[in-house]
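Colleague: Provided below: entry_17.csv, containing CSV, C-alpha atoms.
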```csv
chain,number,residue,atom,x,y,z
A,22,MET,CA,-16.5,15.3,14.3
A,23,ASN,CA,-14.7,11.9,14.1
A,24,ILE,CA,-11.4,11.8,16.1
A,25,GLU,CA,-10.0,9.3,13.6
A,26,ASN,CA,-10.3,11.8,10.8
A,27,ILE,CA,-8.4,14.3,12.9
A,28,GLU,CA,-5.7,11.8,13.6
A,29,SER,CA,-5.3,11.1,9.9
A,30,PHE,CA,-5.0,14.8,9.3
A,31,VAL,CA,-2.2,15.1,11.9
A,32,TYR,CA,-0.3,12.1,10.6
A,33,ILE,CA,-0.5,13.3,6.9
A,34,ASN,CA,1.0,16.6,8.0
A,35,HIS,CA,3.8,14.7,9.8
A,36,TYR,CA,4.6,12.2,7.0
A,37,GLY,CA,3.8,14.3,4.0
A,38,SER,CA,2.1,11.4,2.4
A,39,PHE,CA,-1.3,9.6,2.3
A,40,ASN,CA,0.4,6.3,1.7
A,41,LYS,CA,2.8,6.5,4.6
A,42,THR,CA,0.0,7.6,6.9
A,43,ALA,CA,-2.0,4.6,5.8
A,44,GLU,CA,0.9,2.3,6.7
A,45,ALA,CA,1.3,4.0,10.1
A,46,LEU,CA,-2.3,3.7,10.9
A,47,PHE,CA,-2.8,0.1,9.5
A,48,LEU,CA,-5.3,1.4,6.9
A,49,SER,CA,-5.7,1.4,3.2
A,50,GLN,CA,-4.8,4.6,1.3
A,51,PRO,CA,-8.4,5.0,0.1
A,52,SER,CA,-9.6,4.9,3.7
A,53,VAL,CA,-7.2,7.7,4.7
A,54,THR,CA,-8.3,9.7,1.7
A,55,ALA,CA,-12.0,9.2,2.7
A,56,ARG,CA,-11.2,10.4,6.2
A,57,ILE,CA,-9.7,13.6,5.0
A,58,GLN,CA,-12.5,14.2,2.5
A,59,THR,CA,-15.0,13.8,5.3
A,60,LEU,CA,-13.1,16.2,7.6
A,61,GLU,CA,-12.8,18.8,4.8
A,62,ARG,CA,-16.6,18.6,4.2
A,63,GLU,CA,-17.2,19.1,7.9
A,64,LEU,CA,-14.8,22.1,8.0
A,65,GLY,CA,-15.9,23.5,4.7
A,66,CYS,CA,-12.4,23.9,3.3
A,67,ARG,CA,-9.4,22.1,1.7
A,68,LEU,CA,-6.7,21.1,4.2
A,69,PHE,CA,-4.0,19.9,1.8
A,70,ASP,CA,-2.5,20.9,-1.6
A,71,ARG,CA,-0.3,18.8,-3.8
A,72,ILE,CA,2.8,20.6,-5.0
A,73,GLY,CA,4.6,18.2,-7.4
A,74,LYS,CA,5.1,15.1,-5.3
A,75,GLN,CA,4.7,16.9,-2.0
A,76,ILE,CA,1.6,17.2,0.2
A,77,VAL,CA,1.5,20.5,2.0
A,78,LEU,CA,-1.0,22.2,4.3
A,79,THR,CA,-3.3,24.9,2.9
A,80,GLU,CA,-3.6,28.1,4.9
A,81,GLU,CA,-6.8,26.7,6.5
A,82,GLY,CA,-4.9,23.5,7.2
A,83,ARG,CA,-2.1,25.4,9.0
A,84,LYS,CA,-4.7,27.2,11.1
A,85,PHE,CA,-6.5,24.0,12.1
A,86,LEU,CA,-3.4,22.0,12.9
A,87,PRO,CA,-2.7,23.2,16.4
A,88,TYR,CA,-6.3,22.5,17.4
A,89,ALA,CA,-6.2,19.0,15.9
A,90,GLN,CA,-3.0,18.3,17.8
A,91,GLU,CA,-4.5,19.5,21.0
A,92,MET,CA,-7.6,17.3,20.6
A,93,LEU,CA,-5.4,14.2,20.1
A,94,LYS,CA,-3.4,15.2,23.2
A,95,THR,CA,-6.6,15.5,25.3
A,96,LEU,CA,-7.8,12.1,24.1
A,97,GLN,CA,-4.4,10.6,25.0
A,98,LYS,CA,-4.6,12.1,28.5
A,99,GLY,CA,-8.0,10.5,29.0
A,100,ARG,CA,-6.6,7.1,27.8
A,101,GLN,CA,-3.7,7.5,30.2
A,102,HIS,CA,-6.1,8.2,33.1
A,103,ILE,CA,-8.0,5.0,32.4
A,104,ARG,CA,-4.9,2.9,31.9
A,105,ARG,CA,-3.4,4.0,35.2
A,106,SER,CA,-5.9,1.8,36.9
A,107,GLU,CA,-4.0,-1.2,35.5
A,108,LYS,CA,-1.4,-2.8,37.7
A,109,LEU,CA,2.1,-1.7,36.7
A,110,PRO,CA,5.3,-3.5,37.6
A,111,GLN,CA,7.6,-1.9,40.1
A,112,GLU,CA,10.6,-2.3,37.7
A,113,LEU,CA,10.8,-2.2,34.0
A,114,ARG,CA,13.9,-3.8,32.4
A,115,ILE,CA,14.6,-2.4,29.0
A,116,GLY,CA,17.2,-3.6,26.5
A,117,SER,CA,18.3,-1.5,23.5
A,118,THR,CA,20.9,-1.3,20.9
A,119,ILE,CA,23.6,1.3,21.3
A,120,SER,CA,22.1,3.6,18.7
A,121,VAL,CA,18.6,3.5,20.2
A,122,SER,CA,20.1,4.1,23.7
A,123,ASN,CA,22.0,7.1,22.4
A,124,TYR,CA,19.3,8.8,20.3
A,125,LEU,CA,15.8,7.5,21.1
A,126,ILE,CA,15.8,6.4,24.7
A,127,PRO,CA,16.5,10.0,26.0
A,128,GLU,CA,13.3,11.0,24.2
A,129,LEU,CA,11.3,8.1,25.5
A,130,LEU,CA,12.2,7.5,29.2
A,131,PRO,CA,11.3,10.9,30.6
A,132,ARG,CA,7.8,10.6,29.2
A,133,LEU,CA,7.5,7.1,30.4
A,134,HIS,CA,8.5,8.2,33.9
A,135,GLU,CA,5.8,11.0,33.7
A,136,ARG,CA,3.1,8.4,32.8
A,137,CYS,CA,4.3,5.8,35.2
A,138,PRO,CA,6.1,7.6,38.1
A,139,GLY,CA,6.1,4.6,40.4
A,140,VAL,CA,8.0,2.4,38.0
A,141,HIS,CA,11.8,2.0,38.3
A,142,ILE,CA,13.4,1.8,34.9
A,143,LYS,CA,16.6,-0.2,34.3
A,144,LEU,CA,18.3,0.1,30.9
A,145,SER,CA,20.9,-2.1,29.4
A,146,THR,CA,22.5,-2.0,25.9
A,147,GLY,CA,23.7,-4.7,23.7
A,148,GLY,CA,23.4,-6.3,20.2
A,149,THR,CA,20.2,-7.7,18.8
A,150,GLU,CA,21.2,-11.3,19.3
A,151,GLU,CA,22.4,-10.8,22.9
A,152,LEU,CA,19.2,-9.0,23.8
A,153,VAL,CA,17.0,-11.7,22.2
A,154,LYS,CA,18.7,-14.2,24.4
A,155,ARG,CA,18.1,-12.0,27.5
A,156,LEU,CA,14.4,-11.6,26.6
A,157,LEU,CA,14.0,-15.4,26.2
A,158,ALA,CA,15.8,-15.9,29.6
A,159,GLY,CA,13.5,-13.4,31.3
A,160,GLU,CA,16.3,-11.1,32.1
A,161,ILE,CA,14.7,-8.1,30.4
A,162,ASP,CA,11.0,-7.2,29.8
A,163,VAL,CA,11.1,-5.4,26.4
A,164,ALA,CA,13.8,-4.7,23.9
A,165,PHE,CA,14.4,-2.0,21.2
A,166,ILE,CA,16.3,-4.0,18.5
A,167,ARG,CA,16.2,-5.0,14.8
A,168,LYS,CA,13.3,-7.0,13.5
A,169,VAL,CA,13.4,-10.6,14.6
A,170,MET,CA,11.3,-13.6,13.9
A,171,HIS,CA,10.9,-16.1,16.8
A,172,PRO,CA,7.9,-18.2,17.9
A,173,SER,CA,8.2,-17.0,21.5
A,174,LEU,CA,8.5,-13.3,20.7
A,175,ARG,CA,6.2,-10.6,19.4
A,176,THR,CA,7.7,-7.9,17.2
A,177,ALA,CA,6.2,-4.5,16.4
A,178,ALA,CA,7.8,-2.0,14.0
A,179,PHE,CA,8.7,1.0,16.1
A,180,TYR,CA,10.9,3.4,14.1
A,181,GLU,CA,12.4,3.6,10.7
A,182,ASP,CA,15.5,5.8,10.4
A,183,PRO,CA,16.6,6.8,6.9
A,184,ILE,CA,20.3,6.4,6.0
A,185,HIS,CA,21.9,9.3,4.1
A,186,LEU,CA,25.4,10.3,3.0
A,187,TYR,CA,26.6,13.1,5.4
A,188,VAL,CA,29.3,15.7,4.7
A,189,PRO,CA,30.6,18.7,6.6
A,190,SER,CA,28.6,21.7,5.7
A,191,ASN,CA,31.7,23.4,4.0
A,192,HIS,CA,32.2,20.3,1.8
A,193,PRO,CA,31.6,20.8,-2.0
A,194,PHE,CA,28.9,18.1,-1.9
A,195,ALA,CA,26.8,20.3,0.5
A,196,ARG,CA,25.9,22.6,-2.3
A,197,GLU,CA,24.7,19.8,-4.6
A,198,GLU,CA,21.1,18.5,-4.9
A,199,SER,CA,22.6,15.0,-5.5
A,200,VAL,CA,25.9,13.3,-6.4
A,201,SER,CA,26.8,10.2,-8.3
A,202,VAL,CA,28.3,7.1,-6.6
A,203,GLU,CA,31.4,7.6,-8.9
A,204,ALA,CA,32.0,11.0,-7.3
A,205,LEU,CA,32.6,9.3,-4.0
A,206,GLN,CA,35.7,7.8,-5.4
A,207,GLU,CA,37.4,11.2,-5.2
A,208,HIS,CA,36.8,11.5,-1.4
A,209,LYS,CA,37.9,9.6,1.6
A,210,LEU,CA,35.1,7.7,3.3
A,211,VAL,CA,34.3,7.0,6.9
A,212,PHE,CA,32.3,3.7,6.8
A,213,PHE,CA,30.1,3.0,9.7
A,214,GLU,CA,29.3,-0.7,9.6
A,215,CYS,CA,26.2,-1.5,11.6
A,216,GLY,CA,25.8,-5.1,10.5
A,217,THR,CA,22.4,-5.0,8.8
A,218,LEU,CA,21.4,-6.1,5.3
A,219,ASP,CA,20.6,-2.6,4.3
A,220,TRP,CA,24.2,-1.6,4.3
A,221,LEU,CA,24.9,-4.3,1.7
A,222,ARG,CA,23.2,-2.0,-0.8
A,223,ILE,CA,26.0,0.5,-0.3
A,224,HIS,CA,28.6,-2.3,-0.8
A,225,ARG,CA,26.9,-3.4,-4.0
A,226,ALA,CA,26.9,0.1,-5.4
A,227,PHE,CA,30.7,0.3,-4.7
A,228,GLU,CA,31.2,-3.0,-6.5
A,229,ALA,CA,29.9,-1.5,-9.7
A,230,LEU,CA,32.7,1.1,-9.7
A,231,ASP,CA,35.9,0.7,-11.8
A,232,SER,CA,38.0,1.1,-8.6
A,233,PRO,CA,36.8,0.8,-5.0
A,234,PRO,CA,36.3,4.0,-2.9
A,235,ASP,CA,39.0,5.1,-0.4
A,236,ILE,CA,37.6,3.8,2.9
A,237,ALA,CA,40.0,5.6,5.2
A,238,PHE,CA,38.2,4.5,8.4
A,239,HIS,CA,35.9,1.5,9.0
A,240,VAL,CA,34.2,1.8,12.4
A,241,ASP,CA,31.3,0.1,14.2
A,242,ASN,CA,30.1,3.0,16.2
A,243,SER,CA,28.0,5.8,14.8
A,244,GLU,CA,29.3,8.5,17.2
A,245,THR,CA,32.9,7.7,16.2
A,246,ALA,CA,32.0,7.9,12.5
A,247,LYS,CA,30.1,11.2,13.0
A,248,LYS,CA,33.0,12.8,14.8
A,249,LEU,CA,35.4,11.8,12.2
A,250,ILE,CA,33.2,13.3,9.5
A,251,LEU,CA,32.8,16.5,11.6
A,252,ARG,CA,36.6,16.7,11.8
A,253,GLY,CA,36.8,16.7,8.0
A,254,THR,CA,38.7,13.4,7.8
A,255,GLY,CA,36.1,11.9,5.4
A,256,ILE,CA,32.4,11.7,4.4
A,257,GLY,CA,30.1,8.8,5.3
A,258,PHE,CA,26.7,7.2,5.5
A,259,LEU,CA,24.9,7.6,8.8
A,260,PRO,CA,21.4,7.0,10.2
A,261,ALA,CA,19.6,10.3,10.2
A,262,VAL,CA,18.6,10.3,13.9
A,263,CYS,CA,22.3,10.3,15.0
A,264,ALA,CA,23.1,13.4,12.9
A,265,ARG,CA,19.9,15.5,13.4
A,266,GLU,CA,21.5,17.9,16.0
A,267,GLU,CA,24.5,18.5,13.8
A,268,VAL,CA,22.3,19.1,10.7
A,269,ARG,CA,20.1,21.5,12.7
A,270,ASP,CA,23.2,23.3,13.9
A,271,GLY,CA,24.5,23.6,10.3
A,272,ARG,CA,27.6,21.4,10.9
A,273,LEU,CA,26.6,18.4,8.7
A,274,THR,CA,24.6,18.2,5.5
A,275,PRO,CA,22.7,15.1,4.2
A,276,VAL,CA,23.3,14.4,0.5
A,277,ARG,CA,21.4,12.2,-1.9
A,278,VAL,CA,23.4,9.6,-3.9
A,279,ARG,CA,21.6,9.1,-7.2
A,280,GLU,CA,22.4,5.4,-7.6
A,281,LEU,CA,21.3,4.4,-4.1
A,282,SER,CA,17.6,3.9,-3.5
A,283,GLU,CA,16.1,5.0,-0.2
A,284,PHE,CA,16.8,2.6,2.7
A,285,ALA,CA,16.6,2.8,6.4
A,286,LEU,CA,17.4,1.0,9.7
A,287,GLN,CA,14.3,-0.3,11.4
A,288,THR,CA,14.0,-0.5,15.2
A,289,SER,CA,11.3,-2.9,16.6
A,290,LEU,CA,9.7,-3.1,20.0
A,291,VAL,CA,10.1,-6.8,21.0
A,292,ALA,CA,8.6,-8.7,24.0
A,293,LEU,CA,7.7,-12.2,25.0
A,294,ARG,CA,4.6,-13.3,23.1
A,295,GLN,CA,2.6,-14.0,26.2
A,296,ASP,CA,3.4,-10.5,27.7
A,297,ASP,CA,0.7,-8.0,27.2
A,298,SER,CA,1.8,-5.4,29.8
A,299,ALA,CA,0.5,-1.9,30.1
A,300,ILE,CA,4.1,-0.7,30.0
A,301,ALA,CA,4.6,-2.0,26.5
A,302,ARG,CA,1.4,-0.2,25.4
A,303,GLU,CA,2.6,3.0,27.1
A,304,LEU,CA,5.9,2.9,25.2
A,305,ALA,CA,4.1,2.6,21.9
A,306,ALA,CA,1.7,5.4,22.9
A,307,ILE,CA,4.6,7.7,23.8
A,308,PHE,CA,6.2,7.1,20.5
A,309,GLY,CA,2.9,7.9,18.8
A,310,ASP,CA,2.9,11.2,20.7
A,311,LEU,CA,6.4,12.0,19.6
A,312,VAL,CA,5.5,11.3,16.0
A,313,ARG,CA,2.5,13.5,16.1
A,314,GLU,CA,4.4,16.3,17.8
A,315,GLY,CA,7.4,16.0,15.4
A,316,GLY,CA,9.7,15.3,18.4
A,317,LEU,CA,11.6,12.6,16.5
A,318,ALA,CA,11.7,14.2,13.1
A,319,SER,CA,15.1,14.1,11.5
A,320,SER,CA,16.4,16.7,9.0
A,321,PRO,CA,15.4,15.5,5.5
A,322,LEU,CA,17.3,15.6,2.3
A,323,LYS,CA,16.7,18.5,0.0
A,324,GLY,CA,13.2,18.2,-1.5
A,325,ARG,CA,12.1,15.7,1.1
A,326,SER,CA,10.0,16.1,4.2
A,327,GLY,CA,9.7,14.2,7.5
A,328,PRO,CA,11.1,10.9,8.8
A,329,GLU,CA,10.4,7.5,7.7
A,330,PRO,CA,7.0,6.0,8.9
A,331,LEU,CA,6.1,3.4,11.4
A,332,ARG,CA,5.2,0.2,9.5
A,333,ALA,CA,3.1,-2.7,10.4
A,334,ALA,CA,4.8,-5.7,12.0
A,335,ASP,CA,4.7,-9.0,10.2
A,336,ASP,CA,2.6,-10.4,13.0
A,337,ARG,CA,0.4,-7.3,13.1
A,338,PRO,CA,-2.6,-8.8,14.9
A,339,GLU,CA,-0.4,-9.8,17.8
A,340,ALA,CA,2.0,-6.8,17.8
A,341,VAL,CA,2.9,-5.3,21.1
A,342,SER,CA,1.0,-2.2,20.2
A,343,ALA,CA,0.4,0.1,17.3
A,344,PRO,CA,0.6,3.9,17.6
A,345,SER,CA,-2.2,4.9,19.9
A,346,ARG,CA,-5.5,5.7,18.1
```
What's the structure tokens form of this structure?
Modeller:
Amino acid sequence: MNIENIESFVYINHYGSFNKTAEALFLSQPSVTARIQTLERELGCRLFDRIGKQIVLTEEGRKFLPYAQEMLKTLQKGRQHIRRSEKLPQELRIGSTISVSNYLIPELLPRLHERCPGVHIKLSTGGTEELVKRLLAGEIDVAFIRKVMHPSLRTAAFYEDPIHLYVPSNHPFAREESVSVEALQEHKLVFFECGTLDWLRIHRAFEALDSPPDIAFHVDNSETAKKLILRGTGIGFLPAVCAREEVRDGRLTPVRVRELSEFALQTSLVALRQDDSAIARELAAIFGDLVREGGLASSPLKGRSGPEPLRAADDRPEAVSAPSR
């Protein structure tokens, strides 16, 4: 039984999509389909059903899933054992944006410490431009930042975090499948400005309105924005990862805005182009584990499933690392 077929099965369950799995594994969609068809022939059963636009596990697929996940974990342990023979640095200096530091780093660092117990980890936070300068100056080894293009740097897409409108769970919008952008005019907004082009889509949608929305608070910190929304002072757009605990606890609800297409904030793993360290590969492998286990899954909108996928970097052949295969 081919382990790559099993890997595709686990990824499809996670992403709920053959296309997204193909992007995450750097494959074509027909190749992923062929892998699943081969696995189904070997097992003698169907693993997925299509319900509308959703891909869901069959009963046989649900039974097979924990065994498939365990096989991938065993393979990863073997790879770790081999890689431990590589020389690791005594210290790893990681730079990250504030949002990554708040929400992703606590998931990553304990696992990195387990894999590389002799490595001292030093974390510093800052904006993308500042961290790029520190990378080029040799002051940090890797950085979790927005996508950058620079001849001396290698960039690999690491995580895509969907942006949704969030409201307190007792808000009238929380009972709606979706709302119109015009409806936002009737409510105070907490606007978290993170400085990326994706947020311009929200601004453009507002420009189409007869009158601008009531932006009561304009902040540059997602935690501040979230707490203001939780206090009922307004509603606002947030990256899903920063609100996942509040959604899980029933305190916030994500709402779809019909006029706004899906968009997300992308975090990339960036290092100097000549650096091909084992640590960078370990970081990418850890993230692959978290994806397979659902450890970074954010609460989806109604009718949606799973977080956004990893995507191939523009300089894919020289990327720091893809999810471990």
Colleague: Choose the residue, out of A:Glu198, A:Lys248, A:Glu283, A:Thr288, that has the smallest atom-to-atom separation from Ser120 of chain A; count only C-alpha atoms.
Modeller: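 Distance minimum relative to Ser120 of chain A lands on A:Thr288.
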Colleague: Take atom CA of Ala237 of chain A and atom CA of Ser201 of chain A and report the distance between them in Å, one decimal.
Modeller: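 Interatomic distance, atom CA of Ala237 of chain A to atom CA of Ser201 of chain A: 19.4 Å.
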Colleague: Could you please determine the separation between atom CA of Val278 of chain A and atom CA of Ser199 of chain A in Å, to one decimal place?
Modeller: 5.7 Å
Colleague: Hey, can you pull every residue with an atom no more than 9 Å from (15.5, -7.3, 31.3), using all atoms listed in the file, and send it as a list in words?
Modeller: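 Neighbouring residues, ordered by chain and number, come to Leu113, Arg114, Ile115, Gly116, Lys143, Leu144, Ser145, Leu152, Arg155, Leu156, Ala158, Gly159, Glu160, Ile161, Asp162, Val163 and Ala164 of chain A.
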Colleague: Store the residues picked out above in a file with C-alpha atoms, as a PDB file, in the coordinates of the input.
Modeller:
```pdb
ATOM      1  CA  LEU A 113      10.800  -2.200  34.000  1.00  0.00           C
ATOM      2  CA  ARG A 114      13.900  -3.800  32.400  1.00  0.00           C
ATOM      3  CA  ILE A 115      14.600  -2.400  29.000  1.00  0.00           C
ATOM      4  CA  GLY A 116      17.200  -3.600  26.500  1.00  0.00           C
ATOM      5  CA  LYS A 143      16.600  -0.200  34.300  1.00  0.00           C
ATOM      6  CA  LEU A 144      18.300   0.100  30.900  1.00  0.00           C
ATOM      7  CA  SER A 145      20.900  -2.100  29.400  1.00  0.00           C
ATOM      8  CA  LEU A 152      19.200  -9.000  23.800  1.00  0.00           C
ATOM      9  CA  ARG A 155      18.100 -12.000  27.500  1.00  0.00           C
ATOM     10  CA  LEU A 156      14.400 -11.600  26.600  1.00  0.00           C
ATOM     11  CA  ALA A 158      15.800 -15.900  29.600  1.00  0.00           C
ATOM     12  CA  GLY A 159      13.500 -13.400  31.300  1.00  0.00           C
ATOM     13  CA  GLU A 160      16.300 -11.100  32.100  1.00  0.00           C
ATOM     14  CA  ILE A 161      14.700  -8.100  30.400  1.00  0.00           C
ATOM     15  CA  ASP A 162      11.000  -7.200  29.800  1.00  0.00           C
ATOM     16  CA  VAL A 163      11.100  -5.400  26.400  1.00  0.00           C
ATOM     17  CA  ALA A 164      13.800  -4.700  23.900  1.00  0.00           C
TER      18      ALA A 164
END
```
Colleague: In Å, rounded to a single decimal, give me how far atom CA of Ala55 of chain A is from atom CA of His35 of chain A.
Modeller: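 So the two atoms, atom CA of His35 of chain A and atom CA of Ala55 of chain A, lie 18.2 Å apart.
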Colleague: Which neighbours of segment 65-78 of chain A fall inside 12 Å, counting all atoms listed in the file, when residues of the same chain fewer than 3 positions from it are skipped, and could you give them as a ChimeraX atom specification?
Modeller: /A:26-27,29-42,54,56-62,81-86,89,324-327
Colleague: Would you compute an axis-aligned box for segment 130-144 of chain A, covering every atom listed for it in the file with 4 Å of margin on each side, and report centre and edge lengths in Å to one decimal as JSON?
Modeller:
```
{"center_x": 10.7, "center_y": 5.4, "center_z": 34.8, "size_x": 23.2, "size_y": 19.2, "size_z": 19.2}
```
Colleague: Find, counting only C-alpha atoms, the residue in A:Arg252, A:Tyr187, A:Leu157, A:Phe213 that gets nearest to Arg175 of chain A.
Modeller: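 Using only C-alpha atoms, Arg175 of chain A sits closest to A:Leu157.
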Colleague: Pick from A:Glu25, A:Glu91, A:Glu112, A:Asp241: nearest to His134 of chain A, with all atoms listed in the file counted?
Modeller: A:Glu112
Colleague: Between A:Asn23, A:Asn191, A:Gln206, A:Thr118, which is the closest to Leu286 of chain A once you count all atoms listed in the file?
Modeller: A:Thr118
Colleague: So that I can see what lies close to Ile256 of chain A, please list as a tab-separated table (two decimals) with C-alpha atoms, in the coordinates of the input the residues with an atom at most 7 Å from it, counting all atoms listed in the file and leaving out residues fewer than 3 positions away in the same chain.
Modeller:
```tsv
chain	number	residue	atom	x	y	z
A	187	TYR	CA	26.60	13.10	5.40
A	188	VAL	CA	29.30	15.70	4.70
A	209	LYS	CA	37.90	9.60	1.60
A	210	LEU	CA	35.10	7.70	3.30
A	211	VAL	CA	34.30	7.00	6.90
A	250	ILE	CA	33.20	13.30	9.50
```
Colleague: For segment 195-197 of chain A, find every residue with an atom within 10 Å (counting all atoms listed in the file), except residues of its own chain fewer than 4 positions away, and show them as a list in words.
Modeller: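 So the residues in contact are Tyr187, Val188, Pro189, Ser190, Asn191, Leu273, Thr274, Pro275, Val276, Arg277 and Lys323 of chain A.
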Colleague: Can you write just those residues out, C-alpha atoms, as a tab-separated table (two decimals), in the coordinates of the input?
Modeller:
```tsv
chain	number	residue	atom	x	y	z
A	187	TYR	CA	26.60	13.10	5.40
A	188	VAL	CA	29.30	15.70	4.70
A	189	PRO	CA	30.60	18.70	6.60
A	190	SER	CA	28.60	21.70	5.70
A	191	ASN	CA	31.70	23.40	4.00
A	273	LEU	CA	26.60	18.40	8.70
A	274	THR	CA	24.60	18.20	5.50
A	275	PRO	CA	22.70	15.10	4.20
A	276	VAL	CA	23.30	14.40	0.50
A	277	ARG	CA	21.40	12.20	-1.90
A	323	LYS	CA	16.70	18.50	0.00
```
Colleague: A:His224, A:Arg265, A:Lys94, A:His239: which is nearest Glu280 of chain A, counting all atoms listed in the file?
Modeller: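 Checking each of A:His224, A:Arg265, A:Lys94, A:His239 against Glu280 of chain A, counting all atoms listed in the file, the winner is A:His224.
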Colleague: Of the candidates A:Ile24, A:Glu207, A:Phe179, A:His192, which shows the shortest atom-to-atom distance to Leu125 of chain A, using all atoms listed in the file?
Modeller: A:Phe179
